[in-house]
Structures are given as structure tokens and as C-alpha cells.
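Novice: Take a look at query35.txt, compact mmCIF, C-alpha atoms:
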```txt
# COMPACT_ATOMS: atom_id res chain seq x y z
CA MET L 1 50.55 149.07 -35.85
CA ASN L 2 53.55 148.44 -38.08
CA ASP L 3 53.03 146.18 -41.11
CA ARG L 4 56.37 144.62 -40.52
CA SER L 5 57.98 143.49 -37.29
CA SER L 6 60.65 145.88 -36.02
CA ALA L 7 61.39 144.06 -32.76
CA THR L 8 65.03 143.27 -32.10
CA LEU L 9 66.25 139.97 -30.67
CA SER L 10 66.66 141.58 -27.26
CA GLN L 11 63.07 142.83 -27.42
CA TRP L 12 61.83 139.36 -28.32
CA VAL L 13 63.73 138.05 -25.29
CA GLU L 14 62.19 140.77 -23.14
CA GLY L 15 58.78 139.92 -24.59
CA ALA L 16 59.25 136.35 -23.33
CA ARG L 17 59.31 137.93 -19.82
CA PRO L 18 62.40 136.18 -18.47
CA ARG L 19 61.62 137.45 -14.95
CA THR L 20 58.74 134.95 -14.87
CA LEU L 21 60.99 131.97 -15.58
CA PRO L 22 61.78 131.26 -11.90
CA ALA L 23 58.12 130.25 -11.68
CA ALA L 24 58.89 127.52 -14.23
CA VAL L 25 62.09 126.32 -12.58
CA ALA L 26 60.77 126.33 -9.01
CA PRO L 27 58.23 123.49 -9.29
CA VAL L 28 60.77 121.19 -10.92
CA LEU L 29 63.28 121.91 -8.16
CA ALA L 30 60.73 121.24 -5.44
CA GLY L 31 59.39 118.12 -7.14
CA THR L 32 62.85 116.71 -7.71
CA GLY L 33 63.66 117.34 -4.05
CA VAL L 34 60.60 115.30 -3.06
CA ALA L 35 61.66 112.54 -5.46
CA ALA L 36 65.09 112.47 -3.85
CA TYR L 37 63.53 112.27 -0.37
CA VAL L 38 61.12 109.41 -1.03
CA ALA L 39 63.12 107.43 -3.63
CA ASP L 40 65.73 108.49 -6.18
CA VAL L 41 66.11 111.27 -8.71
CA VAL L 42 65.71 110.27 -12.35
CA TRP L 43 67.77 113.04 -13.90
CA GLY L 44 66.68 112.50 -17.48
CA LYS L 45 63.02 112.86 -16.55
CA ALA L 46 63.74 115.81 -14.26
CA LEU L 47 65.40 117.63 -17.16
CA LEU L 48 62.50 116.80 -19.47
CA ALA L 49 60.09 118.16 -16.86
CA LEU L 50 62.17 121.34 -16.66
CA GLY L 51 62.04 121.68 -20.43
CA VAL L 52 58.26 121.27 -20.43
CA SER L 53 57.84 123.85 -17.67
CA LEU L 54 60.11 126.46 -19.31
CA ALA L 55 58.58 125.98 -22.76
CA LEU L 56 55.03 126.33 -21.44
CA GLN L 57 55.90 129.41 -19.38
CA ILE L 58 57.42 131.19 -22.38
CA GLY L 59 54.55 130.03 -24.57
CA VAL L 60 52.01 131.41 -22.10
CA ASN L 61 53.84 134.73 -21.97
CA TYR L 62 53.82 135.12 -25.76
CA ALA L 63 50.21 133.91 -25.93
CA ASN L 64 49.16 136.55 -23.38
CA ASP L 65 51.10 139.22 -25.29
CA TYR L 66 49.28 138.24 -28.49
CA SER L 67 45.78 137.90 -27.02
CA ASP L 68 45.91 141.02 -24.83
CA GLY L 69 47.54 142.95 -27.67
CA ILE L 70 44.86 142.26 -30.26
CA ARG L 71 42.16 143.11 -27.69
CA GLY L 72 43.82 146.43 -26.86
CA THR L 73 44.22 145.50 -23.20
CA ASP L 74 47.95 146.30 -23.30
CA ASP L 75 47.69 149.72 -24.95
CA ASP L 76 48.35 151.63 -21.69
CA ARG L 77 49.90 148.91 -19.55
CA VAL L 78 52.63 149.53 -16.96
CA GLY L 79 55.32 146.85 -16.74
CA PRO L 80 57.36 144.70 -19.11
CA LEU L 81 57.48 145.22 -22.86
CA ARG L 82 54.46 144.05 -24.84
CA LEU L 83 55.41 143.20 -28.40
CA VAL L 84 51.94 143.45 -29.93
CA GLY L 85 50.63 146.27 -27.75
CA SER L 86 53.70 148.40 -28.50
CA GLY L 87 53.48 147.74 -32.24
CA LEU L 88 56.99 146.27 -32.35
CA ALA L 89 55.88 142.90 -33.72
CA ARG L 90 53.07 141.62 -35.90
CA PRO L 91 50.38 139.76 -33.99
CA SER L 92 50.86 136.79 -36.31
CA ALA L 93 54.56 136.62 -35.43
CA VAL L 94 53.89 136.67 -31.69
CA LYS L 95 51.15 134.08 -32.12
CA ALA L 96 53.59 131.86 -34.03
CA ALA L 97 56.16 132.24 -31.23
CA ALA L 98 53.54 131.27 -28.66
CA LEU L 99 52.44 128.22 -30.60
CA GLY L 100 56.06 127.24 -31.23
CA PHE L 101 56.96 127.18 -27.54
CA LEU L 102 53.69 125.50 -26.58
CA GLY L 103 54.40 122.91 -29.27
CA LEU L 104 57.91 122.36 -27.90
CA GLY L 105 56.42 121.81 -24.45
CA ALA L 106 53.99 119.32 -25.95
CA LEU L 107 56.79 117.35 -27.63
CA LEU L 108 58.82 117.18 -24.42
CA GLY L 109 55.70 116.19 -22.51
CA LEU L 110 55.06 113.45 -25.06
CA ALA L 111 58.51 112.05 -24.31
CA LEU L 112 57.70 112.04 -20.58
CA ALA L 113 54.38 110.32 -21.17
CA ALA L 114 55.99 107.71 -23.43
CA THR L 115 58.53 106.82 -20.74
CA THR L 116 56.09 106.94 -17.79
CA THR L 117 52.40 106.47 -18.55
CA TRP L 118 50.22 107.55 -21.44
CA TRP L 119 47.49 109.07 -19.26
CA LEU L 120 49.87 111.97 -18.69
CA LEU L 121 48.87 113.06 -22.18
CA LEU L 122 45.49 114.10 -20.76
CA VAL L 123 47.24 116.32 -18.24
CA GLY L 124 49.31 117.81 -21.04
CA VAL L 125 46.27 118.57 -23.16
CA ALA L 126 44.63 120.30 -20.19
CA ALA L 127 47.78 122.36 -19.56
CA LEU L 128 47.99 123.45 -23.20
CA GLY L 129 44.33 124.39 -23.24
CA ALA L 130 44.74 126.40 -20.06
CA ALA L 131 47.82 128.14 -21.46
CA TRP L 132 46.02 129.37 -24.56
CA THR L 133 42.61 130.20 -23.10
CA TYR L 134 43.99 132.24 -20.18
CA THR L 135 43.69 135.38 -22.30
CA GLY L 136 42.94 133.80 -25.69
CA GLY L 137 39.79 132.56 -27.37
CA PRO L 138 36.29 134.03 -27.27
CA ASN L 139 35.85 133.74 -23.48
CA PRO L 140 39.25 133.89 -21.73
CA TYR L 141 39.11 132.75 -18.12
CA GLY L 142 41.83 135.22 -17.13
CA TYR L 143 39.22 137.92 -17.72
CA ARG L 144 36.82 136.12 -15.34
CA ALA L 145 38.91 136.18 -12.15
CA LEU L 146 40.18 132.61 -12.59
CA GLY L 147 43.83 133.34 -13.35
CA GLU L 148 45.08 132.60 -9.85
CA VAL L 149 43.16 129.32 -9.73
CA SER L 150 44.83 128.23 -12.97
CA VAL L 151 48.30 129.29 -11.81
CA PHE L 152 47.91 127.40 -8.53
CA LEU L 153 46.65 124.34 -10.38
CA PHE L 154 49.12 124.20 -13.28
CA PHE L 155 52.25 125.99 -12.01
CA GLY L 156 51.82 124.58 -8.52
CA LEU L 157 50.00 121.27 -8.25
CA VAL L 158 50.40 119.90 -11.78
CA ALA L 159 54.01 121.01 -12.24
CA VAL L 160 55.29 119.74 -8.88
CA LEU L 161 53.16 116.60 -8.72
CA GLY L 162 53.99 115.81 -12.33
CA THR L 163 57.71 116.19 -11.66
CA VAL L 164 57.44 113.84 -8.70
CA TYR L 165 55.24 111.30 -10.46
CA VAL L 166 57.41 110.85 -13.56
CA GLN L 167 60.37 110.06 -11.29
CA VAL L 168 58.83 107.88 -8.55
CA GLU L 169 55.41 106.95 -10.04
CA GLY L 170 53.67 107.90 -6.82
CA LEU L 171 52.32 111.00 -5.05
CA PRO L 172 53.35 111.05 -1.37
CA TRP L 173 51.95 113.72 0.93
CA GLU L 174 55.27 115.59 0.79
CA ALA L 175 54.64 116.18 -2.91
CA TRP L 176 51.24 117.75 -2.20
CA ALA L 177 52.65 120.04 0.49
CA ALA L 178 55.52 121.15 -1.74
CA ALA L 179 53.12 121.69 -4.64
CA ALA L 180 50.82 123.86 -2.53
CA GLY L 181 53.77 125.97 -1.35
CA VAL L 182 55.06 126.52 -4.87
CA GLY L 183 51.54 127.24 -6.09
CA ALA L 184 50.97 129.82 -3.35
CA LEU L 185 54.07 131.78 -4.34
CA ALA L 186 53.29 131.49 -8.05
CA CYS L 187 49.83 132.89 -7.27
CA ALA L 188 51.41 135.71 -5.28
CA ILE L 189 53.33 136.79 -8.39
CA LEU L 190 50.10 137.01 -10.39
CA VAL L 191 48.28 138.79 -7.56
CA ALA L 192 51.00 141.46 -7.48
CA ASN L 193 50.88 141.75 -11.27
CA ASN L 194 47.10 142.15 -11.31
CA LEU L 195 47.17 144.50 -8.33
CA ARG L 196 49.48 146.77 -10.32
CA ASP L 197 47.16 146.60 -13.34
CA ILE L 198 43.81 147.23 -11.60
CA PRO L 199 43.32 150.74 -13.10
CA THR L 200 44.11 149.71 -16.69
CA ASP L 201 42.26 146.40 -16.39
CA VAL L 202 39.11 148.15 -15.17
CA GLU L 203 39.33 150.55 -18.10
CA ALA L 204 39.86 147.67 -20.56
CA GLY L 205 37.07 145.58 -19.07
CA LYS L 206 39.44 142.84 -17.87
CA ARG L 207 37.89 141.33 -14.73
CA THR L 208 40.84 139.83 -12.87
CA LEU L 209 40.64 138.55 -9.32
CA ALA L 210 42.33 141.77 -8.17
CA VAL L 211 39.58 143.79 -9.85
CA VAL L 212 36.94 141.65 -8.12
CA LEU L 213 38.62 141.73 -4.68
CA GLY L 214 39.64 145.36 -4.87
CA ASP L 215 42.91 146.97 -3.87
CA ALA L 216 42.90 146.37 -0.10
CA ARG L 217 41.82 142.73 -0.16
CA SER L 218 44.22 141.93 -2.99
CA ARG L 219 47.08 143.17 -0.80
CA GLN L 220 45.87 140.98 2.07
CA PHE L 221 45.59 138.02 -0.29
CA TYR L 222 49.21 138.51 -1.40
CA ALA L 223 50.35 138.46 2.24
CA ALA L 224 48.28 135.34 2.96
CA LEU L 225 49.86 133.47 0.05
CA VAL L 226 53.39 134.28 1.17
CA GLY L 227 52.44 133.25 4.71
CA LEU L 228 50.97 129.96 3.45
CA SER L 229 54.29 129.01 1.86
CA ALA L 230 56.01 129.53 5.22
CA VAL L 231 53.40 127.42 7.02
CA LEU L 232 53.83 124.59 4.53
CA ALA L 233 57.61 124.62 4.97
CA VAL L 234 57.08 124.23 8.72
CA ALA L 235 54.58 121.41 8.10
CA LEU L 236 57.15 119.58 5.99
CA ALA L 237 59.75 120.12 8.71
CA VAL L 238 57.43 118.58 11.32
CA GLY L 239 56.09 115.74 9.20
CA ALA L 240 59.09 114.86 7.05
CA THR L 241 62.47 116.31 8.03
CA PRO L 242 63.60 119.37 10.01
CA TRP L 243 65.90 120.14 7.08
CA ALA L 244 62.80 121.36 5.23
CA LEU L 245 63.16 124.57 7.25
CA LEU L 246 65.88 125.51 4.74
CA ALA L 247 63.00 126.70 2.58
CA LEU L 248 62.26 129.57 4.97
CA PRO L 249 65.36 131.72 4.24
CA GLY L 250 64.22 131.67 0.62
CA LEU L 251 61.33 133.92 1.61
CA LEU L 252 63.68 136.75 2.67
CA PRO L 253 63.51 138.47 -0.75
CA ALA L 254 59.73 138.59 -0.29
CA ALA L 255 60.07 140.65 2.91
CA PRO L 256 60.59 144.04 1.18
CA ALA L 257 58.00 143.03 -1.40
CA LEU L 258 55.52 142.31 1.37
CA ARG L 259 56.25 145.68 2.97
CA ALA L 260 55.71 147.44 -0.36
CA VAL L 261 52.41 145.67 -0.98
CA LEU L 262 51.05 146.24 2.52
CA SER L 263 52.18 149.88 2.55
CA GLY L 264 50.08 150.68 -0.50
CA ALA L 265 52.68 150.78 -3.29
CA GLY L 266 51.11 150.89 -6.73
CA GLY L 267 51.88 151.24 -10.42
CA PRO L 268 55.58 151.04 -11.32
CA ALA L 269 56.46 150.65 -7.62
CA LEU L 270 54.99 147.15 -7.77
CA VAL L 271 57.24 146.01 -10.63
CA PRO L 272 60.12 145.10 -8.24
CA VAL L 273 57.58 143.12 -6.18
CA LEU L 274 57.09 140.76 -9.12
CA LYS L 275 60.83 140.11 -9.40
CA ALA L 276 61.31 139.71 -5.63
CA THR L 277 58.40 137.27 -5.36
CA GLY L 278 59.72 135.24 -8.28
CA VAL L 279 63.15 135.06 -6.66
CA ALA L 280 61.54 134.05 -3.36
CA GLU L 281 59.63 131.24 -5.07
CA LEU L 282 62.81 129.96 -6.69
CA LEU L 283 64.85 130.15 -3.46
CA TRP L 284 62.04 128.62 -1.38
CA SER L 285 61.93 125.68 -3.76
CA ALA L 286 65.71 125.33 -3.90
CA GLY L 287 65.97 125.47 -0.10
CA LEU L 288 63.22 122.88 0.26
CA ALA L 289 64.86 120.61 -2.30
CA LEU L 290 68.20 120.86 -0.53
CA GLY L 291 66.56 120.17 2.83
CA LEU L 292 64.76 117.10 1.50
CA VAL L 293 67.99 115.77 0.00
CA LEU L 294 69.83 116.27 3.29
CA GLY L 295 66.98 114.73 5.27
CA ARG L 296 66.50 111.58 3.20
```
Step by step, read the file and then write its structure as C-alpha cells.

Specialist:
Amino acid sequence: MNDRSSATLSQWVEGARPRTLPAAVAPVLAGTGVAAYVADVVWGKALLALGVSLALQIGVNYANDYSDGIRGTDDDRVGPLRLVGSGLARPSAVKAAALGFLGLGALLGLALAATTTWWLLLVGVAALGAAWTYTGGPNPYGYRALGEVSVFLFFGLVAVLGTVYVQVEGLPWEAWAAAAGVGALACAILVANNLRDIPTDVEAGKRTLAVVLGDARSRQFYAALVGLSAVLAVALAVGATPWALLALPGLLPAAPALRAVLSGAGGPALVPVLKATGVAELLWSAGLALGLVLGR
């Protein structure tokens, strides 16, 4: 590995994995839509929630780059640029970037807690711990098939419910349904990512859920998660407002991704699946938010 970082600005941006950022925007969109439906949007808090979500997502991405890189897990990885694994950046520099973005998320979260309720700090501490220990620390849970559970919990339930709570100080059932839908699609992104990486993860000793389930069942799990998001949109249409069906067209980008996954695509052929699923999550959330605003 190089003694000095040779990564360019564009490579640092690529290392932040911007294609994953829809997964940070989506829960805030969905949560703000629920807030608009049951009460009123508090735009200042919605923007703070967006800042927290984006900062934590980028921080997690750099943290994973650092932790997987120093373990050697990324040495033969297919997919986006890895700064540490490729030798383009010093591990210490990537670690500093991770801690910087996680720290920014913590500061923005502190502002939300100060203007809402201080017990939100406990949620923030849990989120920061989960962000770092996904692939970091002596016993990372991402290596023990718990990555999808964490993504569903923090980038689905916590992110959506937190966005709703800071604006309306309540958690109506619509918030839980929206959170589960966002979490399902966020999980689908990780399932596709880990499905792609099964061969290299097995070789590196990384025991993801895809490694545990195997290739065929991981593909079925991906399809079930996409289907769950559609079911939840219908449930919101029945129980809240028919306008919630506007979430369903957002799943159209996932259609070719679903075909690719179920037809046995692997390796680099699964890279577009990640992007398509991320776009679907963002559009599903935007469509749901719009529907809830129209149906209020």
C-alpha cells in the first residue's frame, strides 16, 4: 500500500459511494410525507433529519471501506472503488473521513434532540455504534449475517420513525408502514450487494446473510423484499388514502433488477441492480410522500 494518499477528489467522492445516497434520502421523504398527512411538516427539522441521514450514510460507507480494507476483504472485490483496498488512500485518512461524517451526523442529531426530546440521544448513540461496528471493531456484526437486520432497523424503522417523530412527536401506524416499506427496499440493496460478493466473501471469511442463505435463497429473499414494499403501499392505500398507490410506479426501476436477480445474474451484472434498487427506493418514497400530501 502507498505511504501517501494518491486518491483524487473524484476518487474520494466515488469512495463515498454516492449511488447509496438515495437510501439516505428515501426515509426522510417518506417520513416527511407521513408528517404532512397526520399533522404538518416542520421543514427545519426535516432538513436536519436529512442532514443526519446523509452524513451517517457517507460515514458508514467510509467506515466500511476502512474496516474491510485493513482486513483484506476488499482485495479482490467487484463493484465500486475501495480507497483502502485499492491502495489509493491511507487507512488513517479513510478512517478520519468516516469519523468526520459520523461526527457531523452526531452534531446534527444533537440539534434535533435539543429541539425535540433528549432521549433521542440514546437512539443516536445506537445508530453511531451500529455504523462503526457493521464491519469495524473486533467482532463486526456485518460478518455474522446481521447486516440486513441493521439496515432494516436503522435505515428503515429508525430513520423514518425518527423523521416523523421530530416533526409531530408521535408515531401513527402510517409511520410504521412507511418505515417497513423503506426498510425492505434498503435491505434489498444490501441483499443484491452481498449476493454479488458471495464468492469473494466466502474466500475472505465474511459470513454475510447471502453467504448463509446461499445463492438461490438470497435471490428469493430479494424478490420478497421488493414485493413487501408493494404490499405495504397497498396497505397504506386501504388504511389511509388511495393516493398512497402513487408509491407503486416507483417500483418500476426494480422490474429489470428483479428479472436480473431471478434469472441468475452474478458478478458485475449485479452492479446495475444496486443502482436500480436504490432508485426504486427513492421513487417509492417520493411517490408515497406525494400521495400522503394529496390525501391529507

Novice: Residues near Leu228 of chain L, anyone? I mean within 12 Å using only C-alpha atoms, not counting same-chain ones fewer than 5 positions away, as a list in words.

Specialist: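 Close residues of Leu228 of chain L: Ala177, Ala178, Ala179, Ala180, Gly181, Val182, Gly183, Ala184, Leu185, Ala186, Cys187, Ala188, Phe221, Tyr222, Ala223, Ala233, Val234, Ala235, Leu248 and Leu251 of chain L.
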
Novice: Determine the nearest neighbour of Trp43 of chain L from the options L:Ala89, L:Ala7, L:Leu104, L:Val168, counting all atoms listed in the file.

Specialist: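 Going through L:Ala89, L:Ala7, L:Leu104, L:Val168 one by one, the smallest distance to Trp43 of chain L is for L:Val168.
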
Novice: Could you check which of L:Gly142, L:Gly15, L:Gly44, L:Gly33 is closest to Val94 of chain L, using all atoms listed in the file?

Specialist: L:Gly15

Novice: At what distance in Å, to one decimal, does atom CA of Leu190 of chain L lie from atom CA of Leu153 of chain L?

Specialist: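 Distance reported for this atom pair: 13.1 Å.
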
Novice: Could you pull the residues within 10 Å of segment 120-136 of chain L, counting only C-alpha atoms, minus those fewer than 2 positions along the same chain, as a compact mmCIF listing (two decimals) with C-alpha atoms, keeping the file's coordinate frame?

Specialist:
```txt
# COMPACT_ATOMS: atom_id res chain seq x y z
CA VAL L 52 58.26 121.27 -20.43
CA LEU L 56 55.03 126.33 -21.44
CA GLN L 57 55.90 129.41 -19.38
CA GLY L 59 54.55 130.03 -24.57
CA VAL L 60 52.01 131.41 -22.10
CA ASN L 61 53.84 134.73 -21.97
CA TYR L 62 53.82 135.12 -25.76
CA ALA L 63 50.21 133.91 -25.93
CA ASN L 64 49.16 136.55 -23.38
CA ASP L 65 51.10 139.22 -25.29
CA TYR L 66 49.28 138.24 -28.49
CA SER L 67 45.78 137.90 -27.02
CA ASP L 68 45.91 141.02 -24.83
CA ILE L 70 44.86 142.26 -30.26
CA ARG L 71 42.16 143.11 -27.69
CA ALA L 98 53.54 131.27 -28.66
CA LEU L 99 52.44 128.22 -30.60
CA LEU L 102 53.69 125.50 -26.58
CA GLY L 103 54.40 122.91 -29.27
CA GLY L 105 56.42 121.81 -24.45
CA ALA L 106 53.99 119.32 -25.95
CA LEU L 107 56.79 117.35 -27.63
CA GLY L 109 55.70 116.19 -22.51
CA LEU L 110 55.06 113.45 -25.06
CA ALA L 111 58.51 112.05 -24.31
CA LEU L 112 57.70 112.04 -20.58
CA ALA L 113 54.38 110.32 -21.17
CA ALA L 114 55.99 107.71 -23.43
CA THR L 116 56.09 106.94 -17.79
CA THR L 117 52.40 106.47 -18.55
CA TRP L 118 50.22 107.55 -21.44
CA PRO L 138 36.29 134.03 -27.27
CA ASN L 139 35.85 133.74 -23.48
CA PRO L 140 39.25 133.89 -21.73
CA TYR L 141 39.11 132.75 -18.12
CA GLY L 142 41.83 135.22 -17.13
CA TYR L 143 39.22 137.92 -17.72
CA ARG L 144 36.82 136.12 -15.34
CA LEU L 146 40.18 132.61 -12.59
CA GLY L 147 43.83 133.34 -13.35
CA SER L 150 44.83 128.23 -12.97
CA VAL L 151 48.30 129.29 -11.81
CA LEU L 153 46.65 124.34 -10.38
CA PHE L 154 49.12 124.20 -13.28
CA PHE L 155 52.25 125.99 -12.01
CA VAL L 158 50.40 119.90 -11.78
CA ALA L 159 54.01 121.01 -12.24
CA GLY L 162 53.99 115.81 -12.33
CA TYR L 165 55.24 111.30 -10.46
CA VAL L 166 57.41 110.85 -13.56
CA LYS L 206 39.44 142.84 -17.87
```

Novice: Find the residues with any atom within 9 Å of (56.5, 144.2, -1.1); use all atoms listed in the file and the coordinates as given in the file, and write the answer as a PyMOL selection string.

Specialist: chain L and resi 192+254-263+265+270+272-274+276-277

Novice: Rounded to one decimal, what separation in Å do you get between atom CA of Leu236 of chain L and atom CA of Ser218 of chain L?

Specialist: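 Between atom CA of Leu236 of chain L and atom CA of Ser218 of chain L the gap is 27.3 Å.
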
Novice: Between atom CA of Ile189 of chain L and atom CA of Gln11 of chain L, what distance in Å does the model show, to one decimal?

Specialist: 22.2 Å

Novice: Find the residue from L:Thr200, L:Thr208, L:Ser6, L:Gln167 that sits nearest to Arg90 of chain L; use all atoms listed in the file when measuring.

Specialist: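 Once distances to Arg90 of chain L are computed over all atoms listed in the file, the minimum belongs to L:Ser6.
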
Novice: Could you tell me which of L:Gly239, L:Gly267, L:Gly278, L:Gly214 comes closest to Arg19 of chain L if we count only C-alpha atoms?

Specialist: L:Gly278

Novice: Write out as a ChimeraX atom specification which residues come within 8 Å of Ala175 of chain L when counting all atoms listed in the file, dropping same-chain ones fewer than 4 positions away.

Specialist: /L:31,34,160-161,164,171,179

Novice: I'd like the contact shell of Val28 of chain L - 8 Å cut-off, only C-alpha atoms, skipping same-chain residues fewer than 2 positions apart - returned as a list in words.

Specialist: Ala24, Val25, Ala26, Ala30, Gly31, Thr32, Ala46, Ala49, Leu50, Ser53, Ala159, Val160 and Thr163 of chain L

Novice: Can you pull out every residue within 7 Å of Ala210 of chain L, counting only C-alpha atoms, but drop anything in the same chain fewer than 2 positions away, and send it as a list in words?

Specialist: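 What passes the distance filter is Val191, Asn194, Leu195, Ile198, Thr208, Val212, Leu213, Gly214, Asp215 and Ser218 of chain L.
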
Novice: Compare L:Asn193, L:Ser86, L:Thr20, L:Ser285 by their minimum atom-to-atom distance to Leu209 of chain L, counting only C-alpha atoms, and give me the closest one.

Specialist: L:Asn193

Novice: Of the residues L:Val84, L:Val41, L:Pro199, L:Leu282, which is the one nearest to Trp12 of chain L, using only C-alpha atoms?

Specialist: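 Using only C-alpha atoms, the shortest distance to Trp12 of chain L belongs to L:Val84.
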
Novice: Kindly add N, CA and C atoms to the incomplete segment 188-211 of chain L and provide the output as a PDB file, in the frame of the given file.

Specialist:
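Final file, result04.pdb:
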```
ATOM      1  N   ALA L 188      51.056 134.399  -5.815  1.00  0.00           N
ATOM      2  CA  ALA L 188      51.410 135.710  -5.280  1.00  0.00           C
ATOM      3  C   ALA L 188      52.001 136.604  -6.367  1.00  0.00           C
ATOM      4  N   ILE L 189      52.773 136.004  -7.277  1.00  0.00           N
ATOM      5  CA  ILE L 189      53.330 136.790  -8.390  1.00  0.00           C
ATOM      6  C   ILE L 189      52.199 137.368  -9.227  1.00  0.00           C
ATOM      7  N   LEU L 190      51.216 136.535  -9.558  1.00  0.00           N
ATOM      8  CA  LEU L 190      50.100 137.010 -10.390  1.00  0.00           C
ATOM      9  C   LEU L 190      49.245 138.025  -9.638  1.00  0.00           C
ATOM     10  N   VAL L 191      49.055 137.821  -8.340  1.00  0.00           N
ATOM     11  CA  VAL L 191      48.280 138.790  -7.560  1.00  0.00           C
ATOM     12  C   VAL L 191      48.951 140.161  -7.598  1.00  0.00           C
ATOM     13  N   ALA L 192      50.286 140.191  -7.424  1.00  0.00           N
ATOM     14  CA  ALA L 192      51.000 141.460  -7.480  1.00  0.00           C
ATOM     15  C   ALA L 192      50.895 142.094  -8.864  1.00  0.00           C
ATOM     16  N   ASN L 193      51.001 141.269  -9.893  1.00  0.00           N
ATOM     17  CA  ASN L 193      50.880 141.750 -11.270  1.00  0.00           C
ATOM     18  C   ASN L 193      49.499 142.371 -11.502  1.00  0.00           C
ATOM     19  N   ASN L 194      48.453 141.662 -11.083  1.00  0.00           N
ATOM     20  CA  ASN L 194      47.100 142.150 -11.310  1.00  0.00           C
ATOM     21  C   ASN L 194      46.735 143.319 -10.397  1.00  0.00           C
ATOM     22  N   LEU L 195      47.353 143.355  -9.217  1.00  0.00           N
ATOM     23  CA  LEU L 195      47.170 144.500  -8.330  1.00  0.00           C
ATOM     24  C   LEU L 195      47.703 145.765  -9.003  1.00  0.00           C
ATOM     25  N   ARG L 196      48.878 145.635  -9.600  1.00  0.00           N
ATOM     26  CA  ARG L 196      49.480 146.770 -10.320  1.00  0.00           C
ATOM     27  C   ARG L 196      48.586 147.247 -11.459  1.00  0.00           C
ATOM     28  N   ASP L 197      47.904 146.288 -12.116  1.00  0.00           N
ATOM     29  CA  ASP L 197      47.160 146.600 -13.340  1.00  0.00           C
ATOM     30  C   ASP L 197      45.680 146.886 -13.110  1.00  0.00           C
ATOM     31  N   ILE L 198      45.240 146.997 -11.857  1.00  0.00           N
ATOM     32  CA  ILE L 198      43.810 147.230 -11.600  1.00  0.00           C
ATOM     33  C   ILE L 198      43.262 148.417 -12.400  1.00  0.00           C
ATOM     34  N   PRO L 199      43.921 149.593 -12.385  1.00  0.00           N
ATOM     35  CA  PRO L 199      43.320 150.740 -13.100  1.00  0.00           C
ATOM     36  C   PRO L 199      43.160 150.483 -14.606  1.00  0.00           C
ATOM     37  N   THR L 200      44.203 149.931 -15.248  1.00  0.00           N
ATOM     38  CA  THR L 200      44.110 149.710 -16.690  1.00  0.00           C
ATOM     39  C   THR L 200      43.197 148.539 -17.020  1.00  0.00           C
ATOM     40  N   ASP L 201      43.152 147.530 -16.138  1.00  0.00           N
ATOM     41  CA  ASP L 201      42.260 146.400 -16.390  1.00  0.00           C
ATOM     42  C   ASP L 201      40.798 146.809 -16.270  1.00  0.00           C
ATOM     43  N   VAL L 202      40.481 147.652 -15.313  1.00  0.00           N
ATOM     44  CA  VAL L 202      39.110 148.150 -15.170  1.00  0.00           C
ATOM     45  C   VAL L 202      38.712 148.909 -16.429  1.00  0.00           C
ATOM     46  N   GLU L 203      39.617 149.752 -16.897  1.00  0.00           N
ATOM     47  CA  GLU L 203      39.330 150.550 -18.100  1.00  0.00           C
ATOM     48  C   GLU L 203      39.141 149.665 -19.325  1.00  0.00           C
ATOM     49  N   ALA L 204      39.940 148.564 -19.398  1.00  0.00           N
ATOM     50  CA  ALA L 204      39.860 147.670 -20.560  1.00  0.00           C
ATOM     51  C   ALA L 204      38.778 146.618 -20.430  1.00  0.00           C
ATOM     52  N   GLY L 205      38.108 146.568 -19.277  1.00  0.00           N
ATOM     53  CA  GLY L 205      37.070 145.580 -19.070  1.00  0.00           C
ATOM     54  C   GLY L 205      37.598 144.202 -18.735  1.00  0.00           C
ATOM     55  N   LYS L 206      38.836 144.112 -18.247  1.00  0.00           N
ATOM     56  CA  LYS L 206      39.440 142.840 -17.870  1.00  0.00           C
ATOM     57  C   LYS L 206      39.151 142.592 -16.398  1.00  0.00           C
ATOM     58  N   ARG L 207      38.358 141.573 -16.105  1.00  0.00           N
ATOM     59  CA  ARG L 207      37.890 141.330 -14.730  1.00  0.00           C
ATOM     60  C   ARG L 207      38.782 140.291 -14.064  1.00  0.00           C
ATOM     61  N   THR L 208      39.938 140.721 -13.590  1.00  0.00           N
ATOM     62  CA  THR L 208      40.840 139.830 -12.870  1.00  0.00           C
ATOM     63  C   THR L 208      40.369 139.661 -11.428  1.00  0.00           C
ATOM     64  N   LEU L 209      40.996 138.730 -10.720  1.00  0.00           N
ATOM     65  CA  LEU L 209      40.640 138.550  -9.320  1.00  0.00           C
ATOM     66  C   LEU L 209      40.933 139.814  -8.522  1.00  0.00           C
ATOM     67  N   ALA L 210      42.010 140.515  -8.875  1.00  0.00           N
ATOM     68  CA  ALA L 210      42.330 141.770  -8.170  1.00  0.00           C
ATOM     69  C   ALA L 210      41.245 142.806  -8.379  1.00  0.00           C
ATOM     70  N   VAL L 211      40.686 142.866  -9.583  1.00  0.00           N
ATOM     71  CA  VAL L 211      39.580 143.790  -9.850  1.00  0.00           C
ATOM     72  C   VAL L 211      38.374 143.413  -8.999  1.00  0.00           C
TER      73      VAL L 211
END
```
